[in-house]
file start.txt (compact mmCIF, C-alpha atoms)
# COMPACT_ATOMS: atom_id res chain seq x y z
CA MET P 975 84.59 83.50 128.12
CA ALA P 976 87.93 83.45 126.32
CA SER P 977 90.81 85.71 127.29
CA PHE P 978 94.29 86.69 126.25
CA THR P 979 97.16 88.53 127.94
CA LEU P 980 99.62 90.56 125.89
CA PHE P 981 103.12 91.50 127.03
CA SER P 982 105.34 93.42 124.65
CA SER P 983 108.61 95.33 124.52
CA PHE P 984 111.34 96.15 122.06
CA SER P 985 115.06 95.44 122.09
CA SER P 986 117.39 98.42 122.40
CA THR P 987 119.02 97.44 119.12
CA LYS P 988 115.86 98.61 117.38
CA LYS P 989 116.16 102.10 118.86
CA ASN P 990 117.18 103.67 115.55
CA THR P 991 114.68 101.84 113.37
CA LEU P 992 111.35 103.01 112.02
CA ILE P 993 110.17 99.52 111.12
CA SER P 994 108.59 97.55 113.96
CA SER P 995 107.99 93.84 113.95
CA PHE P 996 106.71 90.88 115.83
CA SER P 997 108.65 87.66 115.27
CA SER P 998 106.39 84.71 114.57
CA SER P 999 108.83 82.49 116.47
CA SER P 1000 108.18 84.48 119.64
CA ILE P 1001 104.41 84.13 119.47
CA THR P 1002 102.68 81.08 120.84
CA SER P 1003 98.97 80.64 120.81
CA SER P 1004 96.27 78.23 121.86
CA LEU P 1005 92.52 78.21 121.50
CA TYR P 1006 91.93 80.21 124.69
CA ARG P 1007 95.21 82.04 125.40
CA THR P 1008 97.75 83.95 123.36
CA SER P 1009 100.95 85.34 124.90
CA PHE P 1010 103.65 87.52 123.39
CA ALA P 1011 106.91 87.87 125.33
CA PRO P 1012 109.97 88.90 123.32
CA LYS P 1013 113.32 89.72 124.94
CA ARG P 1014 112.76 92.64 127.29
CA THR P 1015 114.98 95.54 128.19
CA ARG P 1016 113.10 96.41 131.38
CA PRO P 1017 111.15 94.60 134.13
CA LEU P 1018 107.95 92.85 133.04
CA ASN P 1019 105.44 95.23 134.57
CA SER P 1020 103.54 96.59 131.59
CA VAL P 1021 100.45 94.47 131.09
CA ILE P 1022 97.29 94.76 129.02
CA ASN P 1023 94.62 92.31 130.10
CA CYS P 1024 91.80 91.71 127.67
CA GLU P 1025 88.90 89.32 127.70
CA ILE P 1026 86.72 88.58 124.69
CA ASN P 1027 83.77 86.30 124.18
CA GLU P 1028 85.39 84.24 121.41
CA PRO P 1029 88.87 82.80 120.82
CA ALA P 1030 91.44 85.21 119.44
CA ASN P 1031 92.35 83.86 116.01
CA GLU P 1032 94.31 86.83 114.65
CA LYS P 1033 97.30 88.72 115.99
CA PRO P 1034 98.78 92.05 114.97
CA ASN P 1035 101.86 91.65 112.80
CA VAL P 1036 104.07 94.33 111.31
CA PRO P 1037 106.53 92.63 108.93
CA ILE P 1038 110.10 93.85 108.49
CA ILE P 1039 110.55 94.64 104.82
CA ASN P 1040 113.22 97.34 104.93
CA ASP P 1041 115.42 98.80 107.67
CA VAL P 1042 115.85 102.56 107.56
CA ILE P 1043 117.14 105.13 110.01
CA LEU P 1044 114.92 107.57 111.84
CA PRO P 1045 113.95 110.78 110.05
CA THR P 1046 116.41 113.52 110.92
CA PHE P 1047 113.78 115.51 112.81
CA LEU P 1048 113.36 112.63 115.29
CA GLN P 1049 116.91 111.28 115.72
CA ASP P 1050 117.92 113.50 118.65
CA LYS P 1051 114.65 113.01 120.50
CA CYS P 1052 114.92 109.22 120.26
CA SER P 1053 118.27 109.39 122.08
CA GLU P 1054 116.81 111.62 124.77
CA ASN P 1055 113.93 109.22 125.39
CA ALA P 1056 116.01 106.04 125.55
CA VAL P 1057 114.31 103.37 127.65
CA THR P 1058 117.24 103.33 130.05
CA SER P 1059 115.84 106.52 131.59
CA ASP P 1060 113.02 106.08 134.08
CA ASN P 1061 110.60 108.63 132.66
CA THR P 1062 107.65 106.96 134.39
CA LYS P 1063 109.03 108.02 137.78
CA LEU P 1064 110.26 111.38 136.49
CA ASN P 1065 106.81 112.14 135.01
CA PRO P 1066 104.30 110.56 137.42
CA LYS P 1067 101.53 112.85 136.16
CA LEU P 1068 101.82 111.52 132.59
CA LYS P 1069 99.79 108.35 132.02
CA LEU P 1070 99.61 106.28 128.83
CA PHE P 1071 96.89 103.67 128.35
CA SER P 1072 96.25 101.40 125.39
CA GLY P 1073 93.02 100.02 124.05
CA THR P 1074 92.84 96.66 122.29
CA ALA P 1075 92.74 98.04 118.73
CA ASN P 1076 96.52 98.39 118.23
CA PRO P 1077 98.45 97.41 121.40
CA SER P 1078 101.68 96.87 119.46
CA LEU P 1079 101.79 100.53 118.38
CA SER P 1080 100.91 101.66 121.91
CA GLU P 1081 103.75 99.61 123.40
CA GLU P 1082 106.20 100.95 120.85
CA ILE P 1083 105.14 104.55 121.55
CA ALA P 1084 105.69 103.97 125.27
CA TRP P 1085 109.08 102.36 124.61
CA ASN P 1086 110.27 105.27 122.48
CA MET P 1087 109.12 107.70 125.18
CA GLY P 1088 110.95 105.73 127.87
CA HIS P 1089 107.61 105.36 129.62
CA GLU P 1090 105.42 102.49 130.81
CA LEU P 1091 101.88 101.78 129.68
CA GLY P 1092 99.38 102.07 132.50
CA LYS P 1093 97.57 98.98 133.72
CA ILE P 1094 94.02 98.68 132.46
CA THR P 1095 91.50 95.84 132.28
CA ILE P 1096 89.24 95.63 129.24
CA LYS P 1097 86.60 92.89 129.00
CA ARG P 1098 83.79 91.84 126.71
CA PHE P 1099 80.71 90.40 128.34
CA ALA P 1100 78.83 87.54 126.73
CA ASP P 1101 76.35 89.95 125.14
CA GLY P 1102 79.16 92.10 123.69
CA GLU P 1103 79.12 94.92 126.26
CA ILE P 1104 82.49 96.51 127.01
CA TYR P 1105 83.87 96.75 130.54
CA VAL P 1106 86.85 98.98 131.40
CA GLN P 1107 88.61 99.40 134.74
CA LEU P 1108 91.80 101.35 135.36
CA GLN P 1109 94.20 99.42 137.59
CA GLU P 1110 96.04 102.49 138.85
CA SER P 1111 95.18 106.00 140.01
CA VAL P 1112 94.93 108.80 137.44
CA ARG P 1113 93.69 111.52 139.79
CA GLY P 1114 95.12 114.84 138.65
CA CYS P 1115 97.08 113.19 135.82
CA ASP P 1116 97.54 114.04 132.15
CA VAL P 1117 96.11 110.90 130.50
CA PHE P 1118 96.68 109.79 126.90
CA LEU P 1119 94.45 107.01 125.56
CA ILE P 1120 95.87 105.33 122.45
CA GLN P 1121 93.10 103.74 120.40
CA PRO P 1122 92.65 103.91 116.61
CA THR P 1123 89.08 103.41 115.42
CA CYS P 1124 90.10 100.87 112.80
CA PRO P 1125 88.04 97.78 111.88
CA PRO P 1126 85.95 96.71 113.68
CA VAL P 1127 85.26 100.44 113.75
CA ASN P 1128 82.18 100.55 115.99
CA GLU P 1129 83.71 98.15 118.55
CA ASN P 1130 86.91 100.16 118.83
CA LEU P 1131 85.09 103.50 118.90
CA MET P 1132 82.83 102.35 121.73
CA GLU P 1133 85.83 100.99 123.62
CA LEU P 1134 87.52 104.40 123.33
CA LEU P 1135 84.41 106.14 124.66
CA VAL P 1136 84.21 103.81 127.67
CA MET P 1137 87.92 104.37 128.37
CA ILE P 1138 87.43 108.13 128.27
CA ASP P 1139 84.48 107.86 130.64
CA ALA P 1140 86.48 105.70 133.06
CA CYS P 1141 89.28 108.28 133.16
CA ARG P 1142 86.86 111.17 133.61
CA ARG P 1143 85.14 109.43 136.54
CA ALA P 1144 88.58 108.68 138.03
CA SER P 1145 89.29 112.44 138.21
CA ALA P 1146 91.94 112.68 135.49
CA LYS P 1147 93.06 116.27 135.01
CA ASN P 1148 93.30 116.11 131.21
CA ILE P 1149 92.23 113.35 128.81
CA THR P 1150 93.71 113.20 125.33
CA ALA P 1151 92.30 110.69 122.84
CA VAL P 1152 95.21 109.58 120.65
CA ILE P 1153 93.48 108.29 117.50
CA PRO P 1154 96.10 107.25 114.92
CA TYR P 1155 93.31 106.31 112.50
CA PHE P 1156 90.02 108.20 112.77
CA GLY P 1157 87.13 106.15 111.44
CA TYR P 1158 84.13 107.88 109.84
CA ALA P 1159 86.47 110.64 108.62
CA ARG P 1160 85.28 110.18 105.04
CA ALA P 1161 81.70 111.08 106.03
CA ASP P 1162 82.70 114.73 106.38
CA ARG P 1163 80.08 116.35 104.13
CA LYS P 1164 76.78 115.75 102.36
CA THR P 1165 77.37 114.63 98.79
CA GLN P 1166 73.70 113.73 98.25
CA ASN P 1167 70.39 114.61 99.85
CA ARG P 1168 69.37 113.14 103.20
CA GLN P 1169 72.87 111.94 104.15
CA SER P 1170 74.41 112.11 107.60
CA ILE P 1171 77.70 113.80 108.43
CA ALA P 1172 79.02 111.02 110.65
CA ALA P 1173 82.42 112.67 111.20
CA LYS P 1174 80.72 115.51 113.08
CA LEU P 1175 78.58 113.05 115.05
CA VAL P 1176 81.62 111.03 116.17
CA GLY P 1177 83.42 114.26 117.10
CA ASN P 1178 80.48 115.27 119.29
CA VAL P 1179 80.33 111.86 120.96
CA ILE P 1180 84.06 111.86 121.81
CA THR P 1181 83.74 115.37 123.23
CA GLU P 1182 80.67 114.53 125.31
CA ALA P 1183 82.35 111.39 126.66
CA GLY P 1184 84.86 113.66 128.38
CA ALA P 1185 87.90 114.04 126.12
CA ASP P 1186 89.75 117.34 126.48
CA ARG P 1187 91.89 116.99 123.36
CA VAL P 1188 92.22 114.78 120.27
CA LEU P 1189 95.48 113.79 118.62
CA ALA P 1190 94.91 112.26 115.16
CA CYS P 1191 97.10 111.24 112.21
CA ASP P 1192 96.41 112.39 108.65
CA LEU P 1193 92.70 113.07 108.75
CA HIS P 1194 90.89 112.46 105.47
CA SER P 1195 90.20 116.18 105.17
CA GLY P 1196 91.37 119.18 107.13
CA GLN P 1197 87.86 120.40 107.90
CA SER P 1198 87.33 117.36 110.14
CA MET P 1199 89.27 119.21 112.84
CA GLY P 1200 86.43 121.73 112.96
CA TYR P 1201 83.94 119.00 113.86
CA PHE P 1202 85.41 118.83 117.36
CA ASP P 1203 84.60 121.44 119.97
CA ILE P 1204 87.92 120.67 121.67
CA PRO P 1205 91.52 121.21 120.50
CA VAL P 1206 92.77 118.82 117.79
CA ASP P 1207 96.46 118.18 117.12
CA HIS P 1208 96.77 116.97 113.53
CA VAL P 1209 99.88 114.78 113.15
CA HIS P 1210 101.23 114.60 109.60
CA CYS P 1211 102.97 111.32 108.79
CA GLN P 1212 104.34 112.62 105.51
CA PRO P 1213 107.96 112.98 106.79
CA VAL P 1214 108.11 109.30 107.71
CA ILE P 1215 107.16 108.21 104.19
CA THR P 1216 109.09 110.87 102.26
CA ASP P 1217 112.29 110.15 104.21
CA TYR P 1218 111.90 106.48 103.32
CA LEU P 1219 111.38 107.30 99.64
CA ALA P 1220 114.37 109.65 99.71
CA SER P 1221 116.51 106.77 101.00
CA LYS P 1222 115.89 104.98 97.68
CA LYS P 1223 117.93 107.70 95.96
CA ILE P 1224 115.66 107.94 92.91
CA SER P 1225 116.67 110.88 90.75
CA SER P 1226 114.17 113.74 90.86
CA ASN P 1227 114.35 113.84 87.06
CA ASP P 1228 112.95 110.29 86.97
CA LEU P 1229 110.33 110.82 89.67
CA VAL P 1230 106.75 112.06 89.47
CA VAL P 1231 104.24 112.25 92.32
CA VAL P 1232 100.70 111.29 91.33
CA SER P 1233 97.48 112.23 93.08
CA PRO P 1234 94.92 109.42 92.63
CA ASP P 1235 92.08 111.97 92.60
CA VAL P 1236 91.46 115.68 92.73
CA GLY P 1237 90.73 115.59 96.48
CA ALA P 1238 94.26 114.39 97.26
CA VAL P 1239 96.04 117.08 95.24
CA ALA P 1240 97.12 119.14 98.27
CA ARG P 1241 98.66 116.08 99.93
CA ALA P 1242 100.40 115.00 96.72
CA ARG P 1243 101.70 118.52 96.10
CA ALA P 1244 103.33 118.53 99.56
CA PHE P 1245 104.98 115.19 98.74
CA ALA P 1246 106.17 116.50 95.39
CA LYS P 1247 107.68 119.59 97.00
CA LYS P 1248 109.49 117.49 99.60
CA LEU P 1249 110.88 115.12 96.92
CA ASP P 1250 111.56 117.95 94.42
CA ALA P 1251 109.44 116.18 91.81
CA PRO P 1252 106.69 117.21 89.36
CA LEU P 1253 103.02 116.52 90.02
CA ALA P 1254 100.45 114.55 88.02
CA ILE P 1255 96.74 114.06 88.73
CA VAL P 1256 94.40 111.18 87.95
CA ASP P 1257 90.91 112.43 87.15
CA LYS P 1258 88.22 109.96 88.19
CA ARG P 1259 84.49 109.88 88.65
CA PHE P 1260 82.73 107.95 91.43
CA GLN P 1261 79.99 105.56 90.34
CA GLU P 1262 79.17 104.33 93.86
CA HIS P 1263 80.87 103.97 97.24
CA ASN P 1264 84.25 102.17 97.07
CA HIS P 1265 84.08 102.06 93.25
CA ALA P 1266 85.70 104.58 90.92
CA GLU P 1267 86.14 105.01 87.19
CA VAL P 1268 89.33 106.62 85.90
CA MET P 1269 88.75 109.24 83.23
CA ASN P 1270 92.12 110.73 82.23
CA LEU P 1271 95.58 111.77 83.40
CA ILE P 1272 96.79 115.32 83.89
CA GLY P 1273 100.59 115.38 83.61
CA ASP P 1274 103.42 113.31 82.10
CA VAL P 1275 104.55 109.96 83.56
CA LYS P 1276 106.13 108.31 80.51
CA GLY P 1277 109.38 106.54 81.42
CA LYS P 1278 109.23 107.81 85.01
CA VAL P 1279 108.91 106.33 88.49
CA ALA P 1280 105.40 107.25 89.68
CA VAL P 1281 104.65 107.64 93.40
CA MET P 1282 100.90 107.54 94.09
CA VAL P 1283 99.97 109.24 97.37
CA ASP P 1284 96.75 109.05 99.39
CA ASP P 1285 95.75 109.20 103.04
CA MET P 1286 94.32 105.65 103.06
CA ILE P 1287 93.87 102.54 100.98
CA ASP P 1288 90.56 100.81 101.68
CA THR P 1289 89.35 98.48 98.91
CA ALA P 1290 92.20 99.73 96.66
CA GLY P 1291 89.83 100.36 93.74
CA THR P 1292 90.83 103.99 93.29
CA ILE P 1293 94.59 103.53 93.47
CA CYS P 1294 94.65 100.34 91.37
CA LYS P 1295 92.59 101.86 88.55
CA GLY P 1296 94.90 104.83 88.66
CA ALA P 1297 97.93 102.52 88.45
CA GLU P 1298 96.48 100.80 85.40
CA LEU P 1299 96.15 104.17 83.70
CA LEU P 1300 99.76 105.08 84.63
CA HIS P 1301 101.03 101.84 83.08
CA GLU P 1302 99.06 102.62 79.92
CA GLU P 1303 100.68 106.07 79.87
CA GLY P 1304 104.17 104.52 80.04
CA ALA P 1305 105.18 104.76 83.72
CA ARG P 1306 108.33 102.68 84.40
CA GLU P 1307 107.60 101.81 88.04
CA ILE P 1308 104.75 102.65 90.41
CA TYR P 1309 104.88 103.02 94.19
CA ALA P 1310 101.70 103.29 96.27
CA CYS P 1311 101.95 105.28 99.51
CA CYS P 1312 99.36 105.81 102.23
CA THR P 1313 99.25 106.51 105.95
CA HIS P 1314 96.35 104.17 106.77
CA GLY P 1315 96.30 100.67 105.32
CA VAL P 1316 92.68 99.64 105.88
CA PHE P 1317 92.92 96.87 103.24
CA SER P 1318 89.27 95.82 103.03
CA PRO P 1319 88.56 92.98 100.57
CA PRO P 1320 89.53 92.73 97.74
CA ALA P 1321 92.43 95.13 98.40
CA ILE P 1322 95.15 92.53 99.08
CA GLY P 1323 94.58 90.65 95.85
CA MET P 1324 94.57 93.84 93.80
CA LEU P 1325 97.65 95.36 95.46
CA SER P 1326 99.68 92.16 95.08
CA SER P 1327 98.71 91.63 91.43
CA GLY P 1328 101.93 93.16 90.07
CA LEU P 1329 100.73 96.71 89.44
CA PHE P 1330 103.04 98.14 92.10
CA GLU P 1331 106.74 97.88 92.71
CA GLU P 1332 106.05 98.54 96.41
CA VAL P 1333 103.11 99.42 98.63
CA ILE P 1334 104.17 101.65 101.53
CA THR P 1335 101.98 102.26 104.57
CA THR P 1336 102.37 102.92 108.30
CA ASN P 1337 101.32 101.07 111.44
CA THR P 1338 98.48 103.43 112.44
CA ILE P 1339 96.35 100.34 111.73
CA PRO P 1340 97.72 96.92 112.77
CA VAL P 1341 98.70 94.72 109.86
CA MET P 1342 97.27 91.23 110.26
CA ASP P 1343 98.94 88.07 108.97
CA ARG P 1344 96.27 87.66 106.31
CA HIS P 1345 97.04 91.17 105.01
CA TYR P 1346 100.70 90.48 104.33
CA PHE P 1347 102.00 90.33 100.76
CA PRO P 1348 105.57 90.59 99.40
CA GLN P 1349 105.34 94.16 98.07
CA LEU P 1350 104.15 95.56 101.43
CA THR P 1351 106.37 97.84 103.51
CA VAL P 1352 105.14 99.06 106.91
CA LEU P 1353 106.81 102.10 108.51
CA SER P 1354 106.38 102.97 112.15
CA VAL P 1355 104.96 106.29 113.35
CA ALA P 1356 105.64 105.50 117.02
CA ASN P 1357 108.51 107.99 117.34
CA LEU P 1358 106.46 110.74 115.73
CA LEU P 1359 103.47 110.12 118.00
CA GLY P 1360 105.69 109.80 121.07
CA GLU P 1361 107.36 113.14 120.36
CA THR P 1362 103.95 114.75 119.82
CA ILE P 1363 102.66 113.38 123.13
CA TRP P 1364 105.69 114.81 124.94
CA ARG P 1365 105.08 118.23 123.40
CA VAL P 1366 101.39 118.23 124.24
CA HIS P 1367 102.15 117.17 127.80
CA GLY P 1368 104.81 119.89 128.13
CA ASP P 1369 102.65 122.61 126.51
CA ARG P 1370 105.13 123.02 123.66
CA SER P 1371 104.62 123.62 119.96
CA VAL P 1372 103.64 120.59 117.87
CA SER P 1373 103.96 122.26 114.47
CA SER P 1374 107.66 122.98 115.07
CA ILE P 1375 108.33 119.21 114.75
CA TYR P 1376 108.07 119.58 110.97
CA GLN P 1377 110.23 122.71 110.66
call {"tool": "encode", "arguments": {"input": "start.txt", "output": "structure tokens"}}
result
Amino acid sequence: MASFTLFSSFSSTKKNTLISSFSSSSITSSLYRTSFAPKRTRPLNSVINCEINEPANEKPNVPIINDVILPTFLQDKCSENAVTSDNTKLNPKLKLFSGTANPSLSEEIAWNMGHELGKITIKRFADGEIYVQLQESVRGCDVFLIQPTCPPVNENLMELLVMIDACRRASAKNITAVIPYFGYARADRKTQNRQSIAAKLVGNVITEAGADRVLACDLHSGQSMGYFDIPVDHVHCQPVITDYLASKKISSNDLVVVSPDVGAVARARAFAKKLDAPLAIVDKRFQEHNHAEVMNLIGDVKGKVAVMVDDMIDTAGTICKGAELLHEEGAREIYACCTHGVFSPPAIGMLSSGLFEEVITTNTIPVMDRHYFPQLTVLSVANLLGETIWRVHGDRSVSSIYQ
């Protein structure tokens, strides 16, 4: 049985940065063990132990493409939660645990909160079964489990369920499932006869496992919140991306926000309002899953900088066909923006083909080495999630973050 141990922290010089990274020079690996130990700003006591039944041949990597300051709505809170303060001792009833899906994001969230990740052991048996054991008491605690259900979706979803069950049986007072990327969110309705609504099914399973609350980023559709019989805090990552775009100082007269399909119009309209730009819509018709045919364009993009906005990029078929149409209509430059970079094949080849000036996503899903390409920019949502966790823990308003 192979295993790896991951240690991670972040230098205080990165406190005011929304781009997180892992330096390849600080990562050493062998066939059976991979360790990550960058320069630390606190004692080495935050450990995630994982065991898998095959060698780990990929590691999360979030490349530094651009350095930008924190959004204004998070600057003050980042100073309050500096890692020099011992919030773990000041808040002993707040516990953060990370699954194996995106440990780099979990560690960054903890760092920005000035907190420590709890110790947890996660193993894979030879037959693929998942074993979870908490290495510290959570009795009477407010527990937050950070685990996106990104690929491999079913593995990470099952791991989250087992983690929830472990916390429930350990007498945790409240269990919040922090799901930066919620898999199965696209299966939110029946588009044809005899189809399942998997989003509702997954919501039921998470609830029955013992979760008291769900915290999710940019769900595919708003109605997905209604599929849970427990409270759902919907975190909008729009400010992180719009603040980055605003830093480029593109004139609003030269800018147009484009929705890649009719379903994303509400999201694109919010972006357009934030950037004080007009809106255009790409009309498309689905032929089959993950394949789309562009029909026509509603709006004017000639000679303008087009910003295409969607909640996720999976195979990139939709957004790339839309970009081709925008080029035909005379767009000067095209930026692709999404919260969740799933990047299933053949997305990388299509996105790096020269259609886009820049592809902007966030680290809700870990970016692997094989997914890197020069036009990719990855922004961190760790500060936003950390602030939301503090507000949930303190029974304060979450929506006021965006006001």
call {"tool": "residues_around", "arguments": {"input": "start.txt", "residues": "Thr1216 of chain P", "least_positions_apart": "3", "cutoff": "8 Å", "atoms": "only C-alpha atoms", "output": "list in words"}}
result
Gln1212, Pro1213, Leu1219, Ala1220, Phe1245, Lys1248 and Leu1249 of chain P
call {"tool": "write_last_selection", "arguments": {"input": "start.txt", "atoms": "C-alpha atoms", "output": "compact mmCIF listing (two decimals), keeping the file's coordinate frame"}}
result
# COMPACT_ATOMS: atom_id res chain seq x y z
CA GLN P 1212 104.34 112.62 105.51
CA PRO P 1213 107.96 112.98 106.79
CA LEU P 1219 111.38 107.30 99.64
CA ALA P 1220 114.37 109.65 99.71
CA PHE P 1245 104.98 115.19 98.74
CA LYS P 1248 109.49 117.49 99.60
CA LEU P 1249 110.88 115.12 96.92
call {"tool": "residues_near_point", "arguments": {"input": "start.txt", "point": "(86.8, 120.4, 114.3)", "cutoff": "12 Å", "atoms": "all atoms listed in the file", "output": "tab-separated table (two decimals) with C-alpha atoms, in the coordinates of the input"}}
result
chain	number	residue	atom	x	y	z
P	1159	ALA	CA	86.47	110.64	108.62
P	1162	ASP	CA	82.70	114.73	106.38
P	1173	ALA	CA	82.42	112.67	111.20
P	1174	LYS	CA	80.72	115.51	113.08
P	1175	LEU	CA	78.58	113.05	115.05
P	1176	VAL	CA	81.62	111.03	116.17
P	1177	GLY	CA	83.42	114.26	117.10
P	1178	ASN	CA	80.48	115.27	119.29
P	1180	ILE	CA	84.06	111.86	121.81
P	1181	THR	CA	83.74	115.37	123.23
P	1187	ARG	CA	91.89	116.99	123.36
P	1188	VAL	CA	92.22	114.78	120.27
P	1189	LEU	CA	95.48	113.79	118.62
P	1190	ALA	CA	94.91	112.26	115.16
P	1193	LEU	CA	92.70	113.07	108.75
P	1195	SER	CA	90.20	116.18	105.17
P	1196	GLY	CA	91.37	119.18	107.13
P	1197	GLN	CA	87.86	120.40	107.90
P	1198	SER	CA	87.33	117.36	110.14
P	1199	MET	CA	89.27	119.21	112.84
P	1200	GLY	CA	86.43	121.73	112.96
P	1201	TYR	CA	83.94	119.00	113.86
P	1202	PHE	CA	85.41	118.83	117.36
P	1203	ASP	CA	84.60	121.44	119.97
P	1204	ILE	CA	87.92	120.67	121.67
P	1205	PRO	CA	91.52	121.21	120.50
P	1206	VAL	CA	92.77	118.82	117.79
P	1207	ASP	CA	96.46	118.18	117.12
P	1208	HIS	CA	96.77	116.97	113.53
call {"tool": "closest_residue", "arguments": {"input": "start.txt", "among": "P:Met1282, P:Ile1153, P:Leu1108, P:Ala1305", "to": "Gly1092 of chain P", "atoms": "all atoms listed in the file"}}
result
P:Leu1108
call {"tool": "residues_near_point", "arguments": {"input": "start.txt", "point": "(93.3, 115.1, 134.8)", "cutoff": "9 Å", "atoms": "only C-alpha atoms", "output": "JSON list (two decimals) with C-alpha atoms, in the coordinates of the input"}}
result
[["chain", "number", "residue", "atom", "x", "y", "z"],
["P", 1067, "LYS", "CA", 101.53, 112.85, 136.16],
["P", 1112, "VAL", "CA", 94.93, 108.80, 137.44],
["P", 1113, "ARG", "CA", 93.69, 111.52, 139.79],
["P", 1114, "GLY", "CA", 95.12, 114.84, 138.65],
["P", 1115, "CYS", "CA", 97.08, 113.19, 135.82],
["P", 1116, "ASP", "CA", 97.54, 114.04, 132.15],
["P", 1117, "VAL", "CA", 96.11, 110.90, 130.50],
["P", 1141, "CYS", "CA", 89.28, 108.28, 133.16],
["P", 1142, "ARG", "CA", 86.86, 111.17, 133.61],
["P", 1144, "ALA", "CA", 88.58, 108.68, 138.03],
["P", 1145, "SER", "CA", 89.29, 112.44, 138.21],
["P", 1146, "ALA", "CA", 91.94, 112.68, 135.49],
["P", 1147, "LYS", "CA", 93.06, 116.27, 135.01],
["P", 1148, "ASN", "CA", 93.30, 116.11, 131.21],
["P", 1149, "ILE", "CA", 92.23, 113.35, 128.81]]
call {"tool": "closest_residue", "arguments": {"input": "start.txt", "among": "P:Leu1119, P:Ile1334, P:Leu1229, P:Ile1224", "to": "Thr1351 of chain P", "atoms": "all atoms listed in the file"}}
result
P:Ile1334
call {"tool": "closest_residue", "arguments": {"input": "start.txt", "among": "P:Val1352, P:Asp1274, P:Ala1238, P:Asn1357", "to": "Tyr1218 of chain P", "atoms": "all atoms listed in the file"}}
result
P:Val1352
call {"tool": "residues_around", "arguments": {"input": "start.txt", "residues": "Val1372 of chain P", "least_positions_apart": "2", "cutoff": "9 Å", "atoms": "all atoms listed in the file", "output": "ChimeraX atom specification"}}
result
/P:1207-1209,1361-1363,1365-1366,1369-1370,1374-1376
call {"tool": "write_last_selection", "arguments": {"input": "start.txt", "atoms": "C-alpha atoms", "output": "mmCIF file, in the frame of the given file"}}
result
data_model
loop_
_atom_site.group_PDB
_atom_site.id
_atom_site.type_symbol
_atom_site.label_atom_id
_atom_site.label_comp_id
_atom_site.auth_asym_id
_atom_site.auth_seq_id
_atom_site.Cartn_x
_atom_site.Cartn_y
_atom_site.Cartn_z
ATOM 1 C CA ASP P 1207 96.460 118.180 117.120
ATOM 2 C CA HIS P 1208 96.770 116.970 113.530
ATOM 3 C CA VAL P 1209 99.880 114.780 113.150
ATOM 4 C CA GLU P 1361 107.360 113.140 120.360
ATOM 5 C CA THR P 1362 103.950 114.750 119.820
ATOM 6 C CA ILE P 1363 102.660 113.380 123.130
ATOM 7 C CA ARG P 1365 105.080 118.230 123.400
ATOM 8 C CA VAL P 1366 101.390 118.230 124.240
ATOM 9 C CA ASP P 1369 102.650 122.610 126.510
ATOM 10 C CA ARG P 1370 105.130 123.020 123.660
ATOM 11 C CA SER P 1374 107.660 122.980 115.070
ATOM 12 C CA ILE P 1375 108.330 119.210 114.750
ATOM 13 C CA TYR P 1376 108.070 119.580 110.970
#
call {"tool": "atom_distance", "arguments": {"input": "start.txt", "atom1": "atom CA of Glu1302 of chain P", "atom2": "atom CA of Asp1284 of chain P"}}
result
20.6 Å
call {"tool": "atom_distance", "arguments": {"input": "start.txt", "atom1": "atom CA of Ala1297 of chain P", "atom2": "atom CA of Thr1338 of chain P"}}
result
24.0 Å
call {"tool": "closest_residue", "arguments": {"input": "start.txt", "among": "P:Ala1242, P:Pro1234, P:Cys1312, P:Arg1163", "to": "Ile1293 of chain P", "atoms": "all atoms listed in the file"}}
result
P:Pro1234
